[in-house]
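Chemist: Can you keep this structure in mind? I'll have questions shortly.
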Amino acid sequence: MPLGNVREISWLRRGACRTSDPDLFFPPAPSPVQEARAKAVCSGCQVLDDCRAYAVRSGETEGIWGGLTPQERRRLRFPAGWRQRSA
Ligand code: SF4
């Protein structure tokens, strides 16, 4: 799991997932049940907003961050109709 700048993610130490099995958030084989269980942990997390903002901004491509799947984060980064401008 790429963690980027350690200072940037210092809030992670206060995350509700800090005592969870990492496989719940970074499963070898994602499933709807696993996603729902991970999201349930995130829903009560005091740093959800920081976590979500970090994951969307940094383009995290794996796992559940801030209660969102990689696909959900991608939709936030690149909403429908978004097109990358060519240089
Ligand atoms: S929002 Fe979810 S993934 Fe992020 S720190 Fe909290 S529990 Fe962990």
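By convention in this document, the chains of the structure tokens carry letters A, B, ... by their order, each chain's residues are numbered from 1, and ligands are numbered from 1 in the order they are shown.
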Sort by chain and increasing residue number a table of all residues of chain A within 10 Å of ligand 1, each with its closest pair of atoms and their distance in Å to one decimal, counting only C-alpha atoms and all ligand atoms, and write it as CSV.
Modeler:
residue,atom,partner,partner_atom_place_in_ligand_line,distance
A:Ile9,CA,ligand 1,5 (S),9.2
A:Trp11,CA,ligand 1,5 (S),7.4
A:Leu12,CA,ligand 1,5 (S),5.1
A:Arg13,CA,ligand 1,5 (S),7.7
A:Arg14,CA,ligand 1,5 (S),7.0
A:Gly15,CA,ligand 1,5 (S),3.7
A:Ala16,CA,ligand 1,7 (S),4.2
A:Cys17,CA,ligand 1,7 (S),4.1
A:Arg18,CA,ligand 1,8 (Fe),6.6
A:Thr19,CA,ligand 1,8 (Fe),9.4
A:Ser20,CA,ligand 1,7 (S),8.6
A:Pro22,CA,ligand 1,8 (Fe),9.7
A:Leu24,CA,ligand 1,3 (S),9.8
A:Phe25,CA,ligand 1,3 (S),7.0
A:Phe26,CA,ligand 1,3 (S),9.8
A:Ala38,CA,ligand 1,2 (Fe),7.1
A:Lys39,CA,ligand 1,2 (Fe),6.8
A:Ala40,CA,ligand 1,2 (Fe),8.5
A:Val41,CA,ligand 1,7 (S),5.4
A:Cys42,CA,ligand 1,2 (Fe),3.6
A:Ser43,CA,ligand 1,1 (S),7.1
A:Gly44,CA,ligand 1,7 (S),7.4
A:Cys45,CA,ligand 1,6 (Fe),4.6
A:Gln46,CA,ligand 1,6 (Fe),6.7
A:Val47,CA,ligand 1,6 (Fe),5.4
A:Leu48,CA,ligand 1,1 (S),3.7
A:Asp49,CA,ligand 1,1 (S),7.1
A:Asp50,CA,ligand 1,4 (Fe),7.7
A:Cys51,CA,ligand 1,4 (Fe),4.6
A:Arg52,CA,ligand 1,1 (S),6.6
A:Ala53,CA,ligand 1,4 (Fe),9.7
A:Tyr54,CA,ligand 1,4 (Fe),9.2
A:Ala55,CA,ligand 1,4 (Fe),8.7
A:Gly63,CA,ligand 1,3 (S),8.4
A:Ile64,CA,ligand 1,3 (S),5.8
A:Trp65,CA,ligand 1,3 (S),4.1
A:Gly66,CA,ligand 1,1 (S),3.6
A:Gly67,CA,ligand 1,2 (Fe),5.4
A:Leu68,CA,ligand 1,2 (Fe),8.3
Chemist: Write a file of the selected residues as a PDB file, in the first residue's frame, keeping C-alpha atoms.
Modeler:
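Okay, this is what ended up in selection23.pdb:
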ATOM      1  CA  ILE A   9      -1.329  10.983   6.527  1.00  0.00           C
ATOM      2  CA  TRP A  11      -4.413  11.436  10.826  1.00  0.00           C
ATOM      3  CA  LEU A  12      -4.393   7.736   9.881  1.00  0.00           C
ATOM      4  CA  ARG A  13      -3.250   6.911  13.430  1.00  0.00           C
ATOM      5  CA  ARG A  14      -6.679   8.082  14.636  1.00  0.00           C
ATOM      6  CA  GLY A  15      -8.567   6.063  12.024  1.00  0.00           C
ATOM      7  CA  ALA A  16     -11.230   3.587  13.080  1.00  0.00           C
ATOM      8  CA  CYS A  17      -9.482   0.975  10.930  1.00  0.00           C
ATOM      9  CA  ARG A  18      -6.258   1.069  12.942  1.00  0.00           C
ATOM     10  CA  THR A  19      -7.237  -2.116  14.768  1.00  0.00           C
ATOM     11  CA  SER A  20      -8.919  -3.802  11.793  1.00  0.00           C
ATOM     12  CA  PRO A  22      -5.838  -4.862   6.706  1.00  0.00           C
ATOM     13  CA  LEU A  24     -10.751  -5.922   5.123  1.00  0.00           C
ATOM     14  CA  PHE A  25      -9.599  -2.690   3.451  1.00  0.00           C
ATOM     15  CA  PHE A  26      -7.129  -4.199   0.989  1.00  0.00           C
ATOM     16  CA  ALA A  38     -15.092  -1.886   5.488  1.00  0.00           C
ATOM     17  CA  LYS A  39     -17.493   0.970   4.772  1.00  0.00           C
ATOM     18  CA  ALA A  40     -19.287   0.268   8.058  1.00  0.00           C
ATOM     19  CA  VAL A  41     -15.992   0.813   9.894  1.00  0.00           C
ATOM     20  CA  CYS A  42     -15.373   4.023   7.939  1.00  0.00           C
ATOM     21  CA  SER A  43     -18.863   5.351   8.703  1.00  0.00           C
ATOM     22  CA  GLY A  44     -17.911   5.797  12.359  1.00  0.00           C
ATOM     23  CA  CYS A  45     -14.423   7.119  11.724  1.00  0.00           C
ATOM     24  CA  GLN A  46     -13.455  10.512  13.103  1.00  0.00           C
ATOM     25  CA  VAL A  47     -10.997  11.157  10.264  1.00  0.00           C
ATOM     26  CA  LEU A  48     -13.217  10.082   7.369  1.00  0.00           C
ATOM     27  CA  ASP A  49     -13.097  13.507   5.680  1.00  0.00           C
ATOM     28  CA  ASP A  50      -9.284  13.693   5.864  1.00  0.00           C
ATOM     29  CA  CYS A  51      -8.969  10.130   4.633  1.00  0.00           C
ATOM     30  CA  ARG A  52     -11.353  10.608   1.716  1.00  0.00           C
ATOM     31  CA  ALA A  53      -9.768  13.896   0.659  1.00  0.00           C
ATOM     32  CA  TYR A  54      -6.291  12.381   0.773  1.00  0.00           C
ATOM     33  CA  ALA A  55      -7.267   9.292  -1.213  1.00  0.00           C
ATOM     34  CA  GLY A  63      -8.541  -0.453  -1.252  1.00  0.00           C
ATOM     35  CA  ILE A  64     -11.255   1.310   0.706  1.00  0.00           C
ATOM     36  CA  TRP A  65     -10.309   4.826   1.825  1.00  0.00           C
ATOM     37  CA  GLY A  66     -12.714   7.293   3.375  1.00  0.00           C
ATOM     38  CA  GLY A  67     -15.589   4.898   2.876  1.00  0.00           C
ATOM     39  CA  LEU A  68     -15.102   4.788  -0.884  1.00  0.00           C
TER      40      LEU A  68
END
Chemist: Could you list, as a list in words, every residue within 12 Å of Pro27 in chain A, counting only C-alpha atoms and ignoring same-chain residues fewer than 4 positions away?
Modeler: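 In the requested form, the answer reads Met1, Asp21, Pro22, Asp23, Ser31, Pro32, Val33, Gln34, Glu35, Arg37, Ala38, Glu62, Gly63, Ile64 and Thr69 of chain A.
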Chemist: Enumerate, as an NGL selection string, the complete set of residues in chain A that a backbone-based DSSP assignment places in helix (DSSP H, G or I).
Modeler: :A and (7-14 or 16-19 or 22-25 or 32-43 or 48-58 or 70-77)
